[in-house]
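**Q** Structure provided below as structure tokens; questions to follow.
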Amino acid sequence: MSDSERPAHPLFTHIDVTPATASSKPVSNDSVSGLLGELVDSQKRQNELLEQLIQTMNAAQRQRANELGQWKQANPRLAKRCRDAAETLGQIQTRFLETVTEEINDNADVLLDGEFMLNEFVDRFGPRLAHLNGVLQVLSQLSSASSNDGP
């Protein structure tokens with residue numbers, strides 16, 4: 001028996017695409033009320049979970065801020081040096097961004113039209129910008145002013 005002569009599986013022999021007849025059951029008010037009640041209960045549970053998530057995140061953020069404050073109190077001179085370094089690095093970042101934007105504006109057509117040139121641009125500026133931002137963020141966090149920072 002060849003493949004074309006094999007009988008089709010019963011699942012694929014007949015597909016009924018006619019609209020449903022009047023014999024289908026109408027939805028009762030009780031079932032709609034039940035579904036709405038389940039929906040409300042689900043929404044309440046979701047709200048409870050979101051509140052728990054927010055509380056957990058706030059607790060972690062408070063703990064991190066507390067640890068950072070303790071570090072600053074234990075290392076006031078280093079915190080001050082981090083602040084000075086962050087200010088200097090911020091100026092360097094501004095100059096670097098000026099260079100990047102100038103490069104983009106000067107070569108806009110080439111960057112838009114050529115995948116190769118865009119990749120070269122990203123390879124040239126991307127890693128330095130990412131690392132510069134990372135270092136600046138660390139220095140800024142370690143040097144951020146708080147009420148118990150001293151001179």
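Numbering starts fresh at 1 for the residues of each chain in the structure tokens, the chains themselves are lettered A, B, ... in the order given, and ligands are numbered from 1 as they appear.
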For Leu129 of chain A, list every protein, DNA or RNA residue within 9 Å, evaluated using only C-alpha atoms, and leave out those in the same chain fewer than 4 positions away; present the list as a count of residues only.
**A** 6
**Q** Excluding Ser144 of chain A and its own-chain neighbours fewer than 6 positions away, which residues fall within 12 Å of it when counting only C-alpha atoms? Please give them as a PyMOL selection string.
**A** chain A and resi 65+68-69+71-72+76+78-87+136-138+150
**Q** Check the smallest atom-to-atom distance from each of A:Met57, A:Val40, A:Leu111, A:Leu142 to Arg77 of chain A using only C-alpha atoms, then report the winner.
**A**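 The shortest atom-to-atom distance to Arg77 of chain A comes from A:Leu142.
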**Q** Would you please extract all helix (DSSP H, G or I) residues from segment 17-66 of chain A, as assigned by DSSP on the backbone, and give them as an NGL selection string?
**A** :A and (29-66)
**Q** Print the selection's residues with N, CA and C atoms to a file, as a tab-separated table (two decimals), in the first residue's frame.
**A**
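File selection.tsv, as written:
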```tsv
chain	number	residue	atom	x	y	z
A	29	ASN	N	-26.68	33.41	34.74
A	29	ASN	CA	-26.19	34.49	35.59
A	29	ASN	C	-25.34	33.95	36.73
A	30	ASP	N	-25.67	32.76	37.21
A	30	ASP	CA	-24.91	32.17	38.31
A	30	ASP	C	-23.47	31.87	37.88
A	31	SER	N	-23.32	31.33	36.66
A	31	SER	CA	-21.97	31.01	36.21
A	31	SER	C	-21.16	32.29	35.96
A	32	VAL	N	-21.79	33.34	35.45
A	32	VAL	CA	-21.09	34.62	35.25
A	32	VAL	C	-20.69	35.20	36.60
A	33	SER	N	-21.61	35.15	37.56
A	33	SER	CA	-21.29	35.66	38.90
A	33	SER	C	-20.15	34.88	39.52
A	34	GLY	N	-20.16	33.55	39.32
A	34	GLY	CA	-19.09	32.72	39.85
A	34	GLY	C	-17.75	33.07	39.23
A	35	LEU	N	-17.74	33.26	37.91
A	35	LEU	CA	-16.50	33.62	37.23
A	35	LEU	C	-15.99	34.98	37.67
A	36	LEU	N	-16.90	35.93	37.83
A	36	LEU	CA	-16.49	37.27	38.29
A	36	LEU	C	-15.94	37.21	39.71
A	37	GLY	N	-16.57	36.37	40.54
A	37	GLY	CA	-16.08	36.20	41.91
A	37	GLY	C	-14.68	35.62	41.92
A	38	GLU	N	-14.43	34.63	41.06
A	38	GLU	CA	-13.09	34.04	40.96
A	38	GLU	C	-12.09	35.08	40.46
A	39	LEU	N	-12.52	35.90	39.53
A	39	LEU	CA	-11.65	36.95	39.01
A	39	LEU	C	-11.27	37.95	40.10
A	40	VAL	N	-12.25	38.34	40.91
A	40	VAL	CA	-11.99	39.27	42.01
A	40	VAL	C	-11.04	38.64	43.01
A	41	ASP	N	-11.26	37.36	43.34
A	41	ASP	CA	-10.38	36.67	44.29
A	41	ASP	C	-8.96	36.59	43.74
A	42	SER	N	-8.83	36.30	42.46
A	42	SER	CA	-7.50	36.24	41.84
A	42	SER	C	-6.82	37.60	41.87
A	43	GLN	N	-7.57	38.64	41.62
A	43	GLN	CA	-7.00	39.99	41.64
A	43	GLN	C	-6.54	40.36	43.05
A	44	LYS	N	-7.33	39.98	44.05
A	44	LYS	CA	-6.93	40.25	45.44
A	44	LYS	C	-5.64	39.52	45.78
A	45	ARG	N	-5.53	38.28	45.35
A	45	ARG	CA	-4.31	37.49	45.61
A	45	ARG	C	-3.11	38.11	44.90
A	46	GLN	N	-3.32	38.56	43.69
A	46	GLN	CA	-2.25	39.21	42.95
A	46	GLN	C	-1.80	40.49	43.66
A	47	ASN	N	-2.73	41.26	44.17
A	47	ASN	CA	-2.39	42.47	44.91
A	47	ASN	C	-1.60	42.15	46.17
A	48	GLU	N	-2.00	41.07	46.86
A	48	GLU	CA	-1.27	40.66	48.07
A	48	GLU	C	0.16	40.28	47.72
A	49	LEU	N	0.34	39.55	46.64
A	49	LEU	CA	1.68	39.15	46.21
A	49	LEU	C	2.52	40.35	45.81
A	50	LEU	N	1.92	41.31	45.14
A	50	LEU	CA	2.65	42.53	44.77
A	50	LEU	C	3.07	43.32	46.01
A	51	GLU	N	2.20	43.39	47.01
A	51	GLU	CA	2.56	44.08	48.24
A	51	GLU	C	3.71	43.38	48.95
A	52	GLN	N	3.71	42.05	48.95
A	52	GLN	CA	4.81	41.30	49.54
A	52	GLN	C	6.11	41.55	48.79
A	53	LEU	N	6.03	41.58	47.48
A	53	LEU	CA	7.21	41.84	46.66
A	53	LEU	C	7.78	43.23	46.95
A	54	ILE	N	6.92	44.21	47.04
A	54	ILE	CA	7.37	45.58	47.34
A	54	ILE	C	8.02	45.65	48.71
A	55	GLN	N	7.42	44.98	49.69
A	55	GLN	CA	8.00	44.97	51.04
A	55	GLN	C	9.37	44.32	51.04
A	56	THR	N	9.52	43.24	50.31
A	56	THR	CA	10.81	42.55	50.22
A	56	THR	C	11.85	43.45	49.56
A	57	MET	N	11.47	44.09	48.47
A	57	MET	CA	12.40	44.97	47.77
A	57	MET	C	12.78	46.16	48.64
A	58	ASN	N	11.83	46.74	49.35
A	58	ASN	CA	12.12	47.86	50.23
A	58	ASN	C	13.06	47.45	51.36
A	59	ALA	N	12.84	46.27	51.91
A	59	ALA	CA	13.71	45.79	52.99
A	59	ALA	C	15.14	45.62	52.48
A	60	ALA	N	15.30	45.06	51.30
A	60	ALA	CA	16.64	44.88	50.73
A	60	ALA	C	17.29	46.22	50.44
A	61	GLN	N	16.51	47.18	49.95
A	61	GLN	CA	17.05	48.51	49.66
A	61	GLN	C	17.46	49.22	50.95
A	62	ARG	N	16.64	49.10	52.00
A	62	ARG	CA	17.00	49.71	53.28
A	62	ARG	C	18.27	49.08	53.86
A	63	GLN	N	18.38	47.75	53.73
A	63	GLN	CA	19.57	47.07	54.24
A	63	GLN	C	20.81	47.53	53.48
A	64	ARG	N	20.69	47.65	52.17
A	64	ARG	CA	21.83	48.11	51.36
A	64	ARG	C	22.23	49.53	51.74
A	65	ALA	N	21.24	50.40	51.91
A	65	ALA	CA	21.53	51.79	52.30
A	65	ALA	C	22.18	51.84	53.68
A	66	ASN	N	21.72	51.00	54.59
A	66	ASN	CA	22.30	50.94	55.93
A	66	ASN	C	23.75	50.48	55.87
```
**Q** Got a sec: who's within 12 Å of Glu103 of chain A, counting only C-alpha atoms, leaving out chain neighbours fewer than 2 positions off, as a list of chain:residue names?
**A**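 Selected residues are A:Phe96, A:Leu97, A:Glu98, A:Thr99, A:Val100, A:Thr101, A:Asn105, A:Asp106, A:Asn107, A:Ala108, A:Asp109, A:Val110, A:Leu111, A:Met117, A:Leu118, A:Glu120, A:Phe121, A:Val122, A:Arg124, A:Phe125.
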